[in-house]
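Here is the structure we will look at.
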Amino acid sequence: MKNLNVLISGASVAGPALAYWLHRHGFTPTIVERAPALRDGGYAVDFRGEAHLTVLRRMGILADLERARTGMGYMSYVNDKGRAVAKMPADLFAGDIEILRGDLSRILYDATRQHTEYIFGDSIGSLTEDAHGVHVTFERSAPRRFDLVIGADGLHSNTRRLTFGPEEQFVKHLGVYCAIFTTSNFLDLDHTGHAYRTGNRLVALYSARHNTEAKAAFYFGSPDLDLDRRDVARQQAVLTEQFTGNGWESDRLLREMQYAPDFYFDSVGQVHMDSWSRGRIALVGDAAYCPSSLSGMGSGLALVGAYVLAGELAAAHGDHRVAFARYEQEMREYAKGCQKMGDGVAKLMVPSSRALAAFLNRYYKVMPYLPGKNMASKIARKAAENITLRDYR
Ligand SMILES: Cc1cc2nc3c(=O)[nH]c(=O)nc-3n(C[C@H](O)[C@H](O)[C@H](O)COP(=O)(O)OP(=O)(O)OC[C@H]3O[C@@H](n4cnc5c(N)ncnc54)[C@H](O)[C@@H]3O)c2cc1C
C-alpha cells in the first residue's frame with residue numbers, strides 16, 4: 001500500500017469520518033483542528049435515507065447517534081402573537097436522525113481517537129508538494145511530512161485556499177445570512193420549534209438538549225455584506241438593525257443574543273469547484289462541495305464523501321491519482337443533487353419578494369390537507385439517497 005500517512009485538516013464531521021475509514025483500510029491518519037478542543041454543542045444536523053444510514057451502520061455508530069438524537073417533532077410557523085398557523089412535518093427538518101453537530105463530532109472523535117493523532121489549536125501554514133509527499137508547516141507545531149493532505153476544514157477551507165486560491169472563486173453566496181445561538185427555552189417548547197416569517201426575514205426558536213435549552217436562529221435575505229467573519233460585534237449590530245421591531249419574539253431574542261455562550265454568523269453559501277484535488281492534496285465535505293447550511297444535506301454528504309474517498313484510496317492501494325479521480329466520479333452527481341436542494345430551500349425559507357412570502361405563508365396553512373404534503377421531504381430523501389454505495393470493507 002502506498003501513501004500511508006495522511007494529514008486531515010478539520011475535526012468536525014468529514015475529518016473524523018475520513019480518519020475512521022482510513023484507519024480501517026490500513027492508513028495512518030493525523031488530524032489538525034484549529035479550535036483548541038473539540039467543538040461541542042452548536043446547531044442540529046440531520047441524516048436521512050439509506051445512503052447516510054448505511055455508512056453510519058457500517059461505522060458501527062448508528063446506535064450512538066440514536067441515543068444522542070434530538071427527538072424533535074414538528075415545527076410550527078407562528079403569527080406575531082405566537083399562535084401556530086402551519087405545522088411542518090418532523091422529517092422535513094430532522095430527517096431520520098437529528099443530532100447536535102457537536103454531539104456528532106464527539107461520537108466520531110470517540111470512534112477514532114485510539115488510532116488517530118489529534119492536534120488541536122493549530123492550523124496548516126503552508127503546503128509544498130514534491131514527488132514523494134507534502135512538506136507541511138503549521139502555525140504552532142514543527143513542520144512535518146505527509147504522503148497526502150486532505151482538507152476537511154469546511155466552507156471557508158484553509159486547505160482549499162492554500163492549494164487552489166482565494167475562496168471568492170469557489171464560494172457562491174445564496175443571498176441569505178444566518179445567525180444561530182443558544183439561549184434559554186423561555187417558550188417552554190417541548191421537542192419542537194416555532195418559526196416566524198416576515199418578507200425575507202425568518203426568526204426561529206427550537207428546543208434543544210431535551211428542552212433544557214433552545215437554539216435561536218435568524219435568517220435574512222441580503223447581497224454579500226463583505227463582513228469580517230471574526231467581527232462578532234459588527235455581525236450582532238447587523239442582526240440588530242435587521243430584526244429590531246420585526247415582531248413576535250425578535251426583540252427578546254436580540255437581547256438574549258448579548259448573553260449567548262456561542263454565536264454563529266455567516267452567509268449561506270455553497271462551494272462549486274471543477275476539481276476537488278490537486279496532486280497529493282484533496283478536499284472532502286463542505287470544503288469541496290458544501291451544499292449550504294440550509295440544505296439539510298451537509299452532514300450526510302460529508303459523511304458519504306469521507307466513506308467514498310477513503311474507500312477509493314484503499315481500492316487503489318493508496319495510489320492517489322487513481323483514487324482521487326474515482327472519488328470525483330462517484331461523488332460528483334450526488335453532490336450536485338444535494339446542492340440543488342440547498343438552492344431550493346434557500347429560496348423557500350427566505351423568499352426574495354413579499355408576494356412570494358405571503359403566498360408561502362398561505363400555502364403552508366393548507367399544506368397538511370393537500371395530497372402532496374410530504375413532497376418536500378420526499379425530494380430531500382431522494383437527493384440524499386441518489387448514490388449507489390460501493391462496499392469497500
Ligand atoms: C447554521 C448551520 C446549520 C446547519 N444545519 C444543518 C442541518 O440541518 N443538516 C445538515 O445535514 N447539515 C447542516 N449544516 C451543515 C453541516 O454542519 C455541514 O455541512 C457539515 O458539518 C460539514 O462537515 P465538514 O466536516 O465538512 O465541515 P465543518 O463542520 O464546517 O467543519 C470544519 C472543521 O474544520 C475546522 N477548521 C476550520 N479552519 C481550520 C483550519 N485553518 N485548520 C484546522 N481546522 C480548521 C473547523 O473548526 C471545523 O471543526 C448546518 C450548518 C450550519 C452552519
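Scheme for the C-alpha cells: letters A, B, ... for chains in order shown; per-chain residue numbers from 1; ligand numbers from 1 in order shown.
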Find the spatial neighbours of region 23-39 of chain A, counting only C-alpha atoms, within a cut-off of 9 Å - ignore same-chain residues fewer than 6 positions away - and output them as a PDB file with all heavy atoms, in the first residue's frame.
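The resulting file, result-v6.pdb, is reproduced below:
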```pdb
ATOM      1  N   MET A   1       0.855  -1.213   0.000  1.00  0.00           N
ATOM      2  CA  MET A   1       0.000   0.000   0.000  1.00  0.00           C
ATOM      3  C   MET A   1       0.882   1.252   0.000  1.00  0.00           C
ATOM      4  O   MET A   1       1.843   1.333   0.761  1.00  0.00           O
ATOM      5  CB  MET A   1      -0.886  -0.024   1.239  1.00  0.00           C
ATOM      6  CG  MET A   1      -1.885   1.075   1.278  1.00  0.00           C
ATOM      7  SD  MET A   1      -3.492   0.621   0.645  1.00  0.00           S
ATOM      8  CE  MET A   1      -4.274   0.026   2.124  1.00  0.00           C
ATOM      9  N   ASN A   3       1.339   5.641   0.185  1.00  0.00           N
ATOM     10  CA  ASN A   3       0.769   6.845   0.802  1.00  0.00           C
ATOM     11  C   ASN A   3       0.021   6.595   2.110  1.00  0.00           C
ATOM     12  O   ASN A   3      -1.154   6.951   2.252  1.00  0.00           O
ATOM     13  CB  ASN A   3      -0.174   7.526  -0.202  1.00  0.00           C
ATOM     14  CG  ASN A   3       0.565   8.024  -1.408  1.00  0.00           C
ATOM     15  OD1 ASN A   3       1.724   8.435  -1.316  1.00  0.00           O
ATOM     16  ND2 ASN A   3      -0.085   8.004  -2.563  1.00  0.00           N
ATOM     17  N   LEU A   4       0.716   6.010   3.046  1.00  0.00           N
ATOM     18  CA  LEU A   4       0.036   5.591   4.276  1.00  0.00           C
ATOM     19  C   LEU A   4      -0.270   6.741   5.236  1.00  0.00           C
ATOM     20  O   LEU A   4      -1.279   6.729   5.924  1.00  0.00           O
ATOM     21  CB  LEU A   4       0.888   4.542   5.008  1.00  0.00           C
ATOM     22  CG  LEU A   4       0.911   3.164   4.348  1.00  0.00           C
ATOM     23  CD1 LEU A   4       1.798   2.207   5.125  1.00  0.00           C
ATOM     24  CD2 LEU A   4      -0.503   2.593   4.267  1.00  0.00           C
ATOM     25  N   ASN A   5       0.629   7.748   5.262  1.00  0.00           N
ATOM     26  CA  ASN A   5       0.459   8.822   6.252  1.00  0.00           C
ATOM     27  C   ASN A   5      -0.351   9.971   5.681  1.00  0.00           C
ATOM     28  O   ASN A   5       0.080  10.646   4.760  1.00  0.00           O
ATOM     29  CB  ASN A   5       1.836   9.342   6.699  1.00  0.00           C
ATOM     30  CG  ASN A   5       2.511   8.310   7.572  1.00  0.00           C
ATOM     31  OD1 ASN A   5       1.890   7.784   8.498  1.00  0.00           O
ATOM     32  ND2 ASN A   5       3.741   7.976   7.236  1.00  0.00           N
ATOM     33  N   VAL A   6      -1.520  10.182   6.284  1.00  0.00           N
ATOM     34  CA  VAL A   6      -2.447  11.174   5.721  1.00  0.00           C
ATOM     35  C   VAL A   6      -2.743  12.235   6.776  1.00  0.00           C
ATOM     36  O   VAL A   6      -3.178  11.916   7.891  1.00  0.00           O
ATOM     37  CB  VAL A   6      -3.766  10.504   5.282  1.00  0.00           C
ATOM     38  CG1 VAL A   6      -4.687  11.529   4.631  1.00  0.00           C
ATOM     39  CG2 VAL A   6      -3.495   9.339   4.329  1.00  0.00           C
ATOM     40  N   LEU A   7      -2.525  13.492   6.408  1.00  0.00           N
ATOM     41  CA  LEU A   7      -2.899  14.602   7.285  1.00  0.00           C
ATOM     42  C   LEU A   7      -4.276  15.106   6.863  1.00  0.00           C
ATOM     43  O   LEU A   7      -4.524  15.345   5.681  1.00  0.00           O
ATOM     44  CB  LEU A   7      -1.887  15.752   7.172  1.00  0.00           C
ATOM     45  CG  LEU A   7      -2.266  17.011   7.966  1.00  0.00           C
ATOM     46  CD1 LEU A   7      -2.241  16.750   9.478  1.00  0.00           C
ATOM     47  CD2 LEU A   7      -1.347  18.180   7.624  1.00  0.00           C
ATOM     48  N   ILE A   8      -5.162  15.257   7.845  1.00  0.00           N
ATOM     49  CA  ILE A   8      -6.507  15.783   7.590  1.00  0.00           C
ATOM     50  C   ILE A   8      -6.638  17.105   8.339  1.00  0.00           C
ATOM     51  O   ILE A   8      -6.307  17.173   9.525  1.00  0.00           O
ATOM     52  CB  ILE A   8      -7.589  14.804   8.102  1.00  0.00           C
ATOM     53  CG1 ILE A   8      -7.446  13.439   7.400  1.00  0.00           C
ATOM     54  CG2 ILE A   8      -8.981  15.370   7.901  1.00  0.00           C
ATOM     55  CD1 ILE A   8      -8.223  12.315   8.115  1.00  0.00           C
ATOM     56  N   SER A   9      -7.127  18.143   7.681  1.00  0.00           N
ATOM     57  CA  SER A   9      -7.352  19.421   8.348  1.00  0.00           C
ATOM     58  C   SER A   9      -8.836  19.541   8.671  1.00  0.00           C
ATOM     59  O   SER A   9      -9.668  19.559   7.751  1.00  0.00           O
ATOM     60  CB  SER A   9      -6.905  20.562   7.420  1.00  0.00           C
ATOM     61  OG  SER A   9      -7.261  21.801   7.977  1.00  0.00           O
ATOM     62  N   GLY A  10      -9.183  19.598   9.982  1.00  0.00           N
ATOM     63  CA  GLY A  10     -10.585  19.755  10.373  1.00  0.00           C
ATOM     64  C   GLY A  10     -11.120  18.549  11.123  1.00  0.00           C
ATOM     65  O   GLY A  10     -11.007  17.423  10.655  1.00  0.00           O
ATOM     66  N   ALA A  11     -11.675  18.804  12.319  1.00  0.00           N
ATOM     67  CA  ALA A  11     -12.179  17.710  13.165  1.00  0.00           C
ATOM     68  C   ALA A  11     -13.652  17.916  13.497  1.00  0.00           C
ATOM     69  O   ALA A  11     -14.040  17.980  14.658  1.00  0.00           O
ATOM     70  CB  ALA A  11     -11.366  17.625  14.455  1.00  0.00           C
ATOM     71  N   SER A  12     -14.476  18.049  12.453  1.00  0.00           N
ATOM     72  CA  SER A  12     -15.908  18.233  12.719  1.00  0.00           C
ATOM     73  C   SER A  12     -16.667  16.977  12.317  1.00  0.00           C
ATOM     74  O   SER A  12     -16.922  16.104  13.133  1.00  0.00           O
ATOM     75  CB  SER A  12     -16.406  19.462  11.958  1.00  0.00           C
ATOM     76  OG  SER A  12     -17.796  19.588  12.043  1.00  0.00           O
ATOM     77  N   GLY A  15     -13.769  15.236   8.632  1.00  0.00           N
ATOM     78  CA  GLY A  15     -12.408  14.892   9.060  1.00  0.00           C
ATOM     79  C   GLY A  15     -12.352  13.604   9.873  1.00  0.00           C
ATOM     80  O   GLY A  15     -11.698  12.631   9.487  1.00  0.00           O
ATOM     81  N   PRO A  16     -13.072  13.538  11.019  1.00  0.00           N
ATOM     82  CA  PRO A  16     -13.036  12.313  11.813  1.00  0.00           C
ATOM     83  C   PRO A  16     -13.633  11.112  11.073  1.00  0.00           C
ATOM     84  O   PRO A  16     -13.169   9.989  11.252  1.00  0.00           O
ATOM     85  CB  PRO A  16     -13.874  12.662  13.052  1.00  0.00           C
ATOM     86  CG  PRO A  16     -13.875  14.137  13.113  1.00  0.00           C
ATOM     87  CD  PRO A  16     -13.748  14.644  11.714  1.00  0.00           C
ATOM     88  N   ARG A 101     -24.582  19.087  16.110  1.00  0.00           N
ATOM     89  CA  ARG A 101     -23.332  18.845  15.381  1.00  0.00           C
ATOM     90  C   ARG A 101     -22.188  18.504  16.334  1.00  0.00           C
ATOM     91  O   ARG A 101     -21.371  17.621  16.062  1.00  0.00           O
ATOM     92  CB  ARG A 101     -22.946  20.057  14.516  1.00  0.00           C
ATOM     93  CG  ARG A 101     -21.867  19.763  13.478  1.00  0.00           C
ATOM     94  CD  ARG A 101     -21.066  21.012  13.133  1.00  0.00           C
ATOM     95  NE  ARG A 101     -20.581  21.676  14.334  1.00  0.00           N
ATOM     96  CZ  ARG A 101     -19.517  21.282  15.028  1.00  0.00           C
ATOM     97  NH1 ARG A 101     -18.811  20.256  14.637  1.00  0.00           N
ATOM     98  NH2 ARG A 101     -19.159  21.917  16.139  1.00  0.00           N
ATOM     99  N   GLY A 102     -22.167  19.156  17.491  1.00  0.00           N
ATOM    100  CA  GLY A 102     -21.104  18.882  18.462  1.00  0.00           C
ATOM    101  C   GLY A 102     -21.196  17.464  19.018  1.00  0.00           C
ATOM    102  O   GLY A 102     -20.170  16.820  19.262  1.00  0.00           O
ATOM    103  N   SER A 105     -19.782  15.200  16.394  1.00  0.00           N
ATOM    104  CA  SER A 105     -18.316  15.258  16.393  1.00  0.00           C
ATOM    105  C   SER A 105     -17.738  14.442  17.547  1.00  0.00           C
ATOM    106  O   SER A 105     -16.735  13.764  17.397  1.00  0.00           O
ATOM    107  CB  SER A 105     -17.818  16.699  16.537  1.00  0.00           C
ATOM    108  OG  SER A 105     -18.122  17.417  15.387  1.00  0.00           O
ATOM    109  N   ARG A 106     -18.395  14.526  18.697  1.00  0.00           N
ATOM    110  CA  ARG A 106     -17.918  13.785  19.885  1.00  0.00           C
ATOM    111  C   ARG A 106     -17.969  12.274  19.623  1.00  0.00           C
ATOM    112  O   ARG A 106     -17.034  11.553  19.933  1.00  0.00           O
ATOM    113  CB  ARG A 106     -18.796  14.184  21.090  1.00  0.00           C
ATOM    114  CG  ARG A 106     -18.605  13.397  22.351  1.00  0.00           C
ATOM    115  CD  ARG A 106     -17.292  13.658  23.052  1.00  0.00           C
ATOM    116  NE  ARG A 106     -17.082  15.078  23.326  1.00  0.00           N
ATOM    117  CZ  ARG A 106     -15.926  15.596  23.770  1.00  0.00           C
ATOM    118  NH1 ARG A 106     -14.892  14.805  23.987  1.00  0.00           N
ATOM    119  NH2 ARG A 106     -15.799  16.887  23.976  1.00  0.00           N
ATOM    120  N   TYR A 109     -15.259  11.455  17.202  1.00  0.00           N
ATOM    121  CA  TYR A 109     -13.965  11.569  17.897  1.00  0.00           C
ATOM    122  C   TYR A 109     -13.711  10.315  18.749  1.00  0.00           C
ATOM    123  O   TYR A 109     -12.639   9.714  18.704  1.00  0.00           O
ATOM    124  CB  TYR A 109     -13.974  12.837  18.752  1.00  0.00           C
ATOM    125  CG  TYR A 109     -12.758  13.026  19.620  1.00  0.00           C
ATOM    126  CD1 TYR A 109     -11.529  13.348  19.055  1.00  0.00           C
ATOM    127  CD2 TYR A 109     -12.847  12.906  21.011  1.00  0.00           C
ATOM    128  CE1 TYR A 109     -10.407  13.534  19.858  1.00  0.00           C
ATOM    129  CE2 TYR A 109     -11.730  13.092  21.817  1.00  0.00           C
ATOM    130  CZ  TYR A 109     -10.510  13.404  21.230  1.00  0.00           C
ATOM    131  OH  TYR A 109      -9.406  13.580  22.020  1.00  0.00           O
ATOM    132  N   THR A 112     -12.535   7.368  16.899  1.00  0.00           N
ATOM    133  CA  THR A 112     -11.265   7.475  16.158  1.00  0.00           C
ATOM    134  C   THR A 112     -10.046   7.776  17.032  1.00  0.00           C
ATOM    135  O   THR A 112      -8.916   7.584  16.598  1.00  0.00           O
ATOM    136  CB  THR A 112     -11.348   8.615  15.103  1.00  0.00           C
ATOM    137  OG1 THR A 112     -11.819   9.795  15.754  1.00  0.00           O
ATOM    138  CG2 THR A 112     -12.270   8.255  13.959  1.00  0.00           C
ATOM    139  N   HIS A 115      -6.796   5.603  17.467  1.00  0.00           N
ATOM    140  CA  HIS A 115      -5.872   5.321  16.363  1.00  0.00           C
ATOM    141  C   HIS A 115      -5.613   6.531  15.476  1.00  0.00           C
ATOM    142  O   HIS A 115      -5.120   6.399  14.366  1.00  0.00           O
ATOM    143  CB  HIS A 115      -6.393   4.145  15.530  1.00  0.00           C
ATOM    144  CG  HIS A 115      -7.842   4.276  15.152  1.00  0.00           C
ATOM    145  ND1 HIS A 115      -8.269   5.174  14.226  1.00  0.00           N
ATOM    146  CD2 HIS A 115      -8.947   3.623  15.612  1.00  0.00           C
ATOM    147  CE1 HIS A 115      -9.578   5.069  14.116  1.00  0.00           C
ATOM    148  NE2 HIS A 115     -10.023   4.155  14.939  1.00  0.00           N
ATOM    149  N   THR A 116      -6.007   7.719  15.949  1.00  0.00           N
ATOM    150  CA  THR A 116      -5.761   8.934  15.165  1.00  0.00           C
ATOM    151  C   THR A 116      -5.043   9.939  16.054  1.00  0.00           C
ATOM    152  O   THR A 116      -5.475  10.177  17.195  1.00  0.00           O
ATOM    153  CB  THR A 116      -7.095   9.553  14.685  1.00  0.00           C
ATOM    154  OG1 THR A 116      -7.767   8.600  13.870  1.00  0.00           O
ATOM    155  CG2 THR A 116      -6.879  10.832  13.897  1.00  0.00           C
ATOM    156  N   GLU A 117      -3.993  10.532  15.538  1.00  0.00           N
ATOM    157  CA  GLU A 117      -3.337  11.596  16.296  1.00  0.00           C
ATOM    158  C   GLU A 117      -4.126  12.885  16.064  1.00  0.00           C
ATOM    159  O   GLU A 117      -4.304  13.299  14.917  1.00  0.00           O
ATOM    160  CB  GLU A 117      -1.901  11.766  15.797  1.00  0.00           C
ATOM    161  CG  GLU A 117      -1.139  12.845  16.541  1.00  0.00           C
ATOM    162  CD  GLU A 117       0.188  13.226  15.880  1.00  0.00           C
ATOM    163  OE1 GLU A 117       0.540  12.646  14.851  1.00  0.00           O
ATOM    164  OE2 GLU A 117       0.849  14.147  16.405  1.00  0.00           O
ATOM    165  N   TYR A 118      -4.623  13.487  17.135  1.00  0.00           N
ATOM    166  CA  TYR A 118      -5.342  14.763  17.026  1.00  0.00           C
ATOM    167  C   TYR A 118      -4.424  15.891  17.495  1.00  0.00           C
ATOM    168  O   TYR A 118      -3.865  15.813  18.592  1.00  0.00           O
ATOM    169  CB  TYR A 118      -6.605  14.757  17.885  1.00  0.00           C
ATOM    170  CG  TYR A 118      -7.813  14.122  17.208  1.00  0.00           C
ATOM    171  CD1 TYR A 118      -8.025  12.750  17.271  1.00  0.00           C
ATOM    172  CD2 TYR A 118      -8.738  14.895  16.522  1.00  0.00           C
ATOM    173  CE1 TYR A 118      -9.135  12.164  16.661  1.00  0.00           C
ATOM    174  CE2 TYR A 118      -9.848  14.317  15.902  1.00  0.00           C
ATOM    175  CZ  TYR A 118     -10.041  12.952  15.975  1.00  0.00           C
ATOM    176  OH  TYR A 118     -11.131  12.383  15.370  1.00  0.00           O
ATOM    177  N   ILE A 119      -4.295  16.912  16.675  1.00  0.00           N
ATOM    178  CA  ILE A 119      -3.532  18.106  17.076  1.00  0.00           C
ATOM    179  C   ILE A 119      -4.541  19.253  17.135  1.00  0.00           C
ATOM    180  O   ILE A 119      -5.034  19.709  16.097  1.00  0.00           O
ATOM    181  CB  ILE A 119      -2.441  18.456  16.035  1.00  0.00           C
ATOM    182  CG1 ILE A 119      -1.544  17.245  15.767  1.00  0.00           C
ATOM    183  CG2 ILE A 119      -1.629  19.670  16.475  1.00  0.00           C
ATOM    184  CD1 ILE A 119      -0.659  17.417  14.520  1.00  0.00           C
ATOM    185  N   PHE A 120      -4.895  19.690  18.348  1.00  0.00           N
ATOM    186  CA  PHE A 120      -5.861  20.787  18.487  1.00  0.00           C
ATOM    187  C   PHE A 120      -5.133  22.122  18.585  1.00  0.00           C
ATOM    188  O   PHE A 120      -3.953  22.179  18.943  1.00  0.00           O
ATOM    189  CB  PHE A 120      -6.726  20.573  19.735  1.00  0.00           C
ATOM    190  CG  PHE A 120      -7.779  19.506  19.543  1.00  0.00           C
ATOM    191  CD1 PHE A 120      -7.597  18.226  20.060  1.00  0.00           C
ATOM    192  CD2 PHE A 120      -8.931  19.783  18.825  1.00  0.00           C
ATOM    193  CE1 PHE A 120      -8.564  17.243  19.874  1.00  0.00           C
ATOM    194  CE2 PHE A 120      -9.898  18.803  18.633  1.00  0.00           C
ATOM    195  CZ  PHE A 120      -9.712  17.537  19.155  1.00  0.00           C
ATOM    196  N   GLY A 121      -5.845  23.184  18.280  1.00  0.00           N
ATOM    197  CA  GLY A 121      -5.292  24.531  18.431  1.00  0.00           C
ATOM    198  C   GLY A 121      -4.190  24.832  17.435  1.00  0.00           C
ATOM    199  O   GLY A 121      -3.270  25.595  17.729  1.00  0.00           O
ATOM    200  N   ASP A 122      -4.269  24.252  16.262  1.00  0.00           N
ATOM    201  CA  ASP A 122      -3.235  24.518  15.260  1.00  0.00           C
ATOM    202  C   ASP A 122      -3.858  24.526  13.866  1.00  0.00           C
ATOM    203  O   ASP A 122      -5.029  24.135  13.694  1.00  0.00           O
ATOM    204  CB  ASP A 122      -2.125  23.457  15.350  1.00  0.00           C
ATOM    205  CG  ASP A 122      -0.775  24.015  14.922  1.00  0.00           C
ATOM    206  OD1 ASP A 122      -0.744  25.109  14.305  1.00  0.00           O
ATOM    207  OD2 ASP A 122       0.257  23.373  15.200  1.00  0.00           O
ATOM    208  N   SER A 123      -3.091  24.975  12.912  1.00  0.00           N
ATOM    209  CA  SER A 123      -3.610  25.103  11.553  1.00  0.00           C
ATOM    210  C   SER A 123      -2.439  24.966  10.577  1.00  0.00           C
ATOM    211  O   SER A 123      -1.303  25.318  10.925  1.00  0.00           O
ATOM    212  CB  SER A 123      -4.245  26.498  11.438  1.00  0.00           C
ATOM    213  OG  SER A 123      -4.640  26.757  10.126  1.00  0.00           O
ATOM    214  N   ILE A 124      -2.718  24.464   9.405  1.00  0.00           N
ATOM    215  CA  ILE A 124      -1.654  24.348   8.398  1.00  0.00           C
ATOM    216  C   ILE A 124      -1.225  25.753   7.966  1.00  0.00           C
ATOM    217  O   ILE A 124      -2.076  26.605   7.686  1.00  0.00           O
ATOM    218  CB  ILE A 124      -2.162  23.551   7.173  1.00  0.00           C
ATOM    219  CG1 ILE A 124      -2.515  22.116   7.578  1.00  0.00           C
ATOM    220  CG2 ILE A 124      -1.134  23.552   6.047  1.00  0.00           C
ATOM    221  CD1 ILE A 124      -3.184  21.298   6.472  1.00  0.00           C
ATOM    222  N   ASP A 153     -11.886  21.121   6.169  1.00  0.00           N
ATOM    223  CA  ASP A 153     -11.975  22.294   7.034  1.00  0.00           C
ATOM    224  C   ASP A 153     -13.073  23.275   6.626  1.00  0.00           C
ATOM    225  O   ASP A 153     -12.959  24.486   6.839  1.00  0.00           O
ATOM    226  CB  ASP A 153     -10.605  22.982   7.197  1.00  0.00           C
ATOM    227  CG  ASP A 153      -9.767  22.959   5.927  1.00  0.00           C
ATOM    228  OD1 ASP A 153     -10.331  22.640   4.860  1.00  0.00           O
ATOM    229  OD2 ASP A 153      -8.561  23.258   5.984  1.00  0.00           O
ATOM    230  N   ALA A 310     -12.006   7.517   1.336  1.00  0.00           N
ATOM    231  CA  ALA A 310     -11.142   6.515   1.983  1.00  0.00           C
ATOM    232  C   ALA A 310     -11.246   5.179   1.250  1.00  0.00           C
ATOM    233  O   ALA A 310     -10.234   4.495   1.034  1.00  0.00           O
ATOM    234  CB  ALA A 310     -11.548   6.350   3.452  1.00  0.00           C
ATOM    235  N   GLY A 311     -12.453   4.826   0.849  1.00  0.00           N
ATOM    236  CA  GLY A 311     -12.665   3.554   0.157  1.00  0.00           C
ATOM    237  C   GLY A 311     -11.921   3.505  -1.164  1.00  0.00           C
ATOM    238  O   GLY A 311     -11.290   2.494  -1.506  1.00  0.00           O
ATOM    239  N   LEU A 313      -9.253   5.249  -1.949  1.00  0.00           N
ATOM    240  CA  LEU A 313      -7.806   5.178  -1.664  1.00  0.00           C
ATOM    241  C   LEU A 313      -7.401   3.737  -1.370  1.00  0.00           C
ATOM    242  O   LEU A 313      -6.371   3.258  -1.848  1.00  0.00           O
ATOM    243  CB  LEU A 313      -7.454   6.086  -0.479  1.00  0.00           C
ATOM    244  CG  LEU A 313      -7.152   7.546  -0.834  1.00  0.00           C
ATOM    245  CD1 LEU A 313      -7.143   8.427   0.397  1.00  0.00           C
ATOM    246  CD2 LEU A 313      -5.821   7.676  -1.590  1.00  0.00           C
ATOM    247  N   ALA A 314      -8.244   3.037  -0.617  1.00  0.00           N
ATOM    248  CA  ALA A 314      -7.939   1.636  -0.302  1.00  0.00           C
ATOM    249  C   ALA A 314      -8.010   0.785  -1.567  1.00  0.00           C
ATOM    250  O   ALA A 314      -7.126  -0.040  -1.828  1.00  0.00           O
ATOM    251  CB  ALA A 314      -8.911   1.124   0.753  1.00  0.00           C
ATOM    252  N   GLY A 318      -3.732   2.941  -2.307  1.00  0.00           N
ATOM    253  CA  GLY A 318      -3.067   4.176  -1.907  1.00  0.00           C
ATOM    254  C   GLY A 318      -2.621   5.058  -3.069  1.00  0.00           C
ATOM    255  O   GLY A 318      -2.078   6.133  -2.835  1.00  0.00           O
ATOM    256  N   TYR A 392     -16.651  -1.054   0.378  1.00  0.00           N
ATOM    257  CA  TYR A 392     -15.179  -1.055   0.346  1.00  0.00           C
ATOM    258  C   TYR A 392     -14.585  -1.901   1.470  1.00  0.00           C
ATOM    259  O   TYR A 392     -13.383  -2.004   1.591  1.00  0.00           O
ATOM    260  CB  TYR A 392     -14.637   0.372   0.497  1.00  0.00           C
ATOM    261  CG  TYR A 392     -15.088   1.356  -0.568  1.00  0.00           C
ATOM    262  CD1 TYR A 392     -16.088   2.295  -0.310  1.00  0.00           C
ATOM    263  CD2 TYR A 392     -14.483   1.366  -1.825  1.00  0.00           C
ATOM    264  CE1 TYR A 392     -16.482   3.214  -1.267  1.00  0.00           C
ATOM    265  CE2 TYR A 392     -14.870   2.288  -2.789  1.00  0.00           C
ATOM    266  CZ  TYR A 392     -15.874   3.213  -2.507  1.00  0.00           C
ATOM    267  OH  TYR A 392     -16.251   4.111  -3.454  1.00  0.00           O
ATOM    268  N   ARG A 393     -15.448  -2.428   2.360  1.00  0.00           N
ATOM    269  CA  ARG A 393     -14.902  -3.095   3.559  1.00  0.00           C
ATOM    270  C   ARG A 393     -14.142  -4.369   3.225  1.00  0.00           C
ATOM    271  O   ARG A 393     -14.443  -5.040   2.251  1.00  0.00           O
ATOM    272  CB  ARG A 393     -16.031  -3.443   4.534  1.00  0.00           C
ATOM    273  CG  ARG A 393     -16.646  -2.204   5.142  1.00  0.00           C
ATOM    274  CD  ARG A 393     -17.892  -2.534   5.907  1.00  0.00           C
ATOM    275  NE  ARG A 393     -18.901  -3.101   5.014  1.00  0.00           N
ATOM    276  CZ  ARG A 393     -20.043  -3.644   5.434  1.00  0.00           C
ATOM    277  NH1 ARG A 393     -20.304  -3.686   6.710  1.00  0.00           N
ATOM    278  NH2 ARG A 393     -20.930  -4.130   4.583  1.00  0.00           N
TER     279      ARG A 393
END
```
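Residue nearest His317 (chain A), chosen from A:Ala237, A:Ala355, A:Leu127, A:Leu22 and counting only C-alpha atoms: A:Leu22.
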### For Val134 (chain A), the nearest of the candidates A:Leu239, A:Arg234, A:Arg278, A:Pro89, counting only C-alpha atoms
A:Arg278
### Task
Quick one: pick out all strand (DSSP E or B) residues within region 173-387 of chain A from a backbone DSSP run and write them as a PyMOL selection string.
chain A and resi 173-183+193-198+201-208+213-221+264-271+277-278+281-283
### Message
So the first atom is CA of Leu309 (chain A) and the second is CA of Ala323 (chain A); what is the distance between them in Å, to one decimal place?
### Response
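A separation of 7.3 Å between them.
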### Query
Could you name the residues that touch Leu294 (chain A) at 8 Å or less, counting only C-alpha atoms, but leaving out those on the same chain fewer than 6 positions away, as a PyMOL selection string?
chain A and resi 268+342+345-346
Residues as selected, C-alpha atoms, written as a PDB file, in the first residue's frame, can you do that?
```pdb
ATOM      1  CA  VAL A 268     -25.339  30.905   3.491  1.00  0.00           C
ATOM      2  CA  GLY A 342     -29.675  23.861  -0.972  1.00  0.00           C
ATOM      3  CA  VAL A 345     -34.540  25.588   0.351  1.00  0.00           C
ATOM      4  CA  ALA A 346     -32.831  28.998   0.464  1.00  0.00           C
TER       5      ALA A 346
END
```
### Task
Would you mind telling me which residue in A:Phe164, A:Trp276, A:Phe218, A:Tyr364 lies nearest to ligand 1 when using only C-alpha atoms and all ligand atoms?
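Looking only at the distances to ligand 1, the closest residue turns out to be A:Phe218.
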### Query
With distances taken over only C-alpha atoms, which of A:Asp262, A:Asp251, A:Val304, A:Asp188 is nearest to Arg58 (chain A)?
A:Val304
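In this structure, atom 18 (C, counted along the ligand's line) of ligand 1 sits 4.6 Å away from CA of Ser299 (chain A).
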### Message
Excluding Ser157 (chain A) and its own-chain neighbours fewer than 5 positions away, which residues fall within 8 Å of it when counting only C-alpha atoms? Please give them as number ranges by chain.
### Response
A: 151-152, 167, 287
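Among the candidates A:Ala357, A:Ala260, A:Leu254, A:Leu148, the one nearest to Ala214 (chain A) when counting only C-alpha atoms is A:Ala260.
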